[in-house]
Structure formats: structure tokens, C-alpha cells
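Have a look at the structure below before the remarks.
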Amino acid sequence: MAAGPTTAEKSGASTSKGSSEGSSRTGARNRKFRVPGARVLLIGLGVLLLVAGVFWALYGSSWFRVERVKTSGTGVLTPREVEAVAAVPMGAPLVTVDTEAIEARLREGFPRIESVDVVRSWPHGIGLKVTERKPVLLMEKGGKFIEVDATGLRFATVDTAPLGVPRLVLDSASSPSLRRFDADRLLQEAVRVRGELPAEIARNTRVVRVTSYDSVTLELTRGRTVFWGSGEHGSVKARVLTALLKATPKAGHFDVSAPTAPASSGS
């Protein structure tokens with residue numbers, strides 16, 4: 001009879017089989033670790049190339065460079081004047097344009113500009129969105145006119161008075177109120193009164209005359225005058241004056257300094 005495998009042979013076979021299976025599992029694990037590592041390296045290389053490509057496109061290529069400037073929102077100023085002071089670097093990479101520096105140059109060069117927004121218009125443009133100050137009062141000096149905005153800022157001097165803007169007369173040289181309220185404070189008071197006027201009355205106002213802090217008079221069209229008093233309770237005075245003008249259209253003088261007891265007279 002043929003002899004069966006010995007115990008030693010069985011043990012060796014089992015050991016050999018176990019070693020083979022262990023080697024296979026180790027190799028598989030190693031392959032699993034090696035493949036993801038290569039993939040990460042390739043992804044990293046791809047990202048690096050992409051970043052380098054974007055950087056070159058923005059800074060080194062001719063694809064995104066400044067070729068034109070467009071100005072909007074101007075009224076008194078012209079686009080050519082604005083663009084000359086803005087000094088946008090033509091031909092420069094669009095991404096490198098210092099928009100804050102351009103805004104600063106325009107605000108410094110033109111006090112008339114209340115605000116300006118400098119925007120990149122891809123792929124080749126710069127936009128200058130300008131908001132100009134609007135005069136609400138005019139101060140005449142030496143045959144010229146100083147424009148005053150709604151904040152009381154005297155921002156420009158012009159040769160010709162803009163249409164529809166009342167003239168401010170500070171007739172307060174002998175007023176005792178100057179001890180407490182200087183000319184600038186009275187200017188602010190006049191601006192305050194002007195800001196309370198309804199649109200229709202504002203259009204018909206020719207002069208805002210300030211004698212003292214509590215003595216402001218409006219000179220309207222057709223020779224009419226309005227004693228406003230101080231700038232206090234302005235919105236109430238505006239409503240009362242509107243009602244008086246409708247109720248007594250032929251009156252020549254109106255007093256709303258005490259809005260609870262207004263008066264009109266003359267014809």
C-alpha cells in the first residue's frame with residue numbers, strides 16, 4: 001500500500017500555501033497604496049499646471065489687458081476730462097489695475113465728484129461710474145457763482161448760474177447771532193431750510209436770505225416772500241406753506257415762522 005503524506009509533509013504544504021496567500025495579500029495591499037499615491041501626484045501636477053496657466057493668462061498674455069475706458073454718469077464734467085485725470089494704464093494687465101488709486105485721483109482732481117466706482121469690465125475694459133454733486137444753493141462772489149451741495153459743501157465755482165438753483169444771500173454782518181453762529185453755521189441752516197422745501201416751492205424759490213439763525217426769508221417768483229424763521233420744524237412749515245399758497249394764491253407775503261399760527265397778506 002502506498003503510504004499517505006506524513007505529518008511533516010502536511011505541515012510543509014500548509015505552510016507553503018499560507019505563505020503564498022500572505023504574499024498575495026501583501027502585494028495587493030502594496031498595489032492599493034501605490035496607485036492612489038500616483039493619482040494624487042498626477043492631480044497635484046494638473047492643479048499646478050492649471051494655476052500656472054491662469055496666472056500666465058492674467059499677467060503674461062495679451063488676452064486680458066486694458067484696451068478701452070468707458071465713463072458714465074457725467075453731467076457738467078465730460079468723459080474726456082474724467083478719463084484724463086483717471087489716468088487708467090492702457091495696455092496693462094486688467095487684474096493689476098489699482099482701482100482705489102484711480103478713485104482717489106478723481107475725487108482729488110474733481111471736488112464736483114461725489115462718488116466714483118471703478119470697475120473691471122472683462123476682458124478688456126475699465127468702467128468709471130461717476131456721481132456728480134448737485135448744487136442746492138448758489139453764493140455769488142465777484143461775478144461768479146459758488147455751488148453748494150446738500151451737505152453744505154462749497155464744491156465748485158462757475159461763471160454762469162445753473163438754472164433752477166436759488167441764490168443764497170448771507171445778510172448777517174450786523175446780526176448779534178454771529179457771536180454764536182458764524183457764517184458757516186448760517187450756511188448750514190440755509191441748506192437745511194432748502195432741503196425741507198417741496199419740489200414745486202423749491203422750483204419757484206429765487207433767493208434764500210439769511211439775516212440770523214432764526215431769521216430766514218425765501219424770495220419766490222412773482223415778487224412773493226416767505227418769512228421762514230429758523231430751520232426748526234421745517235417739514236411742518238413746508239406743509240403749512242403749501243396749504244397757504246393754495247388757499248391764498250394772490251397773497252404776496254407769507255409767514256410760517258410759527259407754523260401753528262401762519263399768516264398771509266398782500267396781493
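If you're wondering about the labels, chains in the C-alpha cells are A, B, ... by order shown, residues count from 1 in each chain, ligands from 1 in order shown.
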
Just want the 8 Å neighbourhood of A:Glu140, counted on only C-alpha atoms, with same-chain residues fewer than 6 positions away dropped. Output as a PyMOL selection string.
chain A and resi 146+167-168

Each residue of stretch 125-163 of chain A lying at most 10 Å from stretch 202-225 of chain A should get a row with its shortest atom-to-atom pair and the distance in Å to one decimal, counting only C-alpha atoms; could you produce that, ordered by chain and increasing number, as a Markdown table?
| residue | atom | partner | partner_atom | distance |
| --- | --- | --- | --- | --- |
| A:Val136 | CA | A:Ala202 | CA | 9.4 |
| A:Leu137 | CA | A:Val208 | CA | 8.3 |
| A:Leu138 | CA | A:Val207 | CA | 9.1 |
| A:Leu163 | CA | A:Arg203 | CA | 9.6 |

Skip stretch 66-77 of chain A itself and residues of its chain fewer than 5 positions away, then list as a short mmCIF file (atom, residue, chain, number, x, y, z; two decimals) with C-alpha atoms, in the first residue's frame all residues within 12 Å of it, counting only C-alpha atoms.
data_model
loop_
_atom_site.label_atom_id
_atom_site.label_comp_id
_atom_site.auth_asym_id
_atom_site.auth_seq_id
_atom_site.Cartn_x
_atom_site.Cartn_y
_atom_site.Cartn_z
CA LEU A 58 -3.98 87.08 -16.43
CA TYR A 59 -0.49 88.56 -16.18
CA SER A 61 -0.73 87.06 -22.09
CA VAL A 82 -12.64 112.40 -16.24
CA GLU A 83 -10.55 109.91 -18.18
CA ALA A 84 -7.59 112.30 -18.40
CA VAL A 85 -7.43 112.61 -14.60
CA ALA A 86 -8.21 108.92 -14.04
CA ALA A 87 -5.04 108.00 -15.97
CA VAL A 88 -6.03 104.37 -16.49
CA PRO A 89 -2.89 102.44 -17.58
CA MET A 90 -3.77 101.34 -21.09
CA GLY A 91 -2.24 98.04 -22.14
CA ALA A 92 -1.66 96.91 -18.56
CA PRO A 93 -3.00 93.56 -17.35
CA LEU A 94 -6.57 94.18 -16.25
CA VAL A 95 -6.02 92.36 -12.97
CA THR A 96 -3.20 94.71 -11.95
CA VAL A 97 -5.16 97.98 -12.33
CA LEU A 106 -10.71 111.52 -9.45
CA GLY A 109 -9.00 116.23 -9.07
CA PHE A 110 -12.72 116.97 -9.18
CA PRO A 111 -14.45 118.10 -5.95
CA ARG A 112 -17.59 118.06 -8.08
CA ILE A 113 -17.46 114.26 -8.00
CA GLU A 114 -19.42 112.97 -5.02
CA SER A 115 -18.56 109.33 -5.65
CA VAL A 116 -16.97 107.17 -8.34
CA ASP A 117 -16.96 103.44 -8.85
CA VAL A 118 -14.11 101.96 -10.89
CA VAL A 119 -14.96 98.50 -12.20
CA ARG A 120 -13.16 95.95 -14.34
CA SER A 121 -15.15 95.02 -17.43
CA TRP A 122 -13.66 91.75 -18.60
CA PRO A 123 -11.87 91.02 -20.81
CA HIS A 124 -10.55 94.42 -21.92
CA GLY A 125 -12.37 97.33 -20.25
CA ILE A 126 -12.41 99.68 -17.28
CA GLY A 127 -15.67 101.39 -16.33
CA LEU A 128 -15.83 104.73 -14.49
CA LYS A 129 -19.26 105.26 -12.92
CA VAL A 130 -19.38 108.88 -11.75
CA THR A 131 -21.91 110.60 -9.48
CA GLU A 132 -21.64 114.38 -9.53
CA ARG A 133 -22.67 116.66 -6.69
CA LYS A 134 -25.84 118.64 -7.29
CA PRO A 135 -25.98 122.31 -6.25
CA ALA A 156 -17.21 124.44 -7.42
CA VAL A 158 -18.86 128.58 -12.19
CA PRO A 162 -27.26 126.85 -13.13
#

Quick check, in Å to one decimal: how far apart do atom CA of A:Ile102 and atom CA of A:Thr78 lie?
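Atom CA of A:Thr78 lies 16.6 Å from atom CA of A:Ile102.
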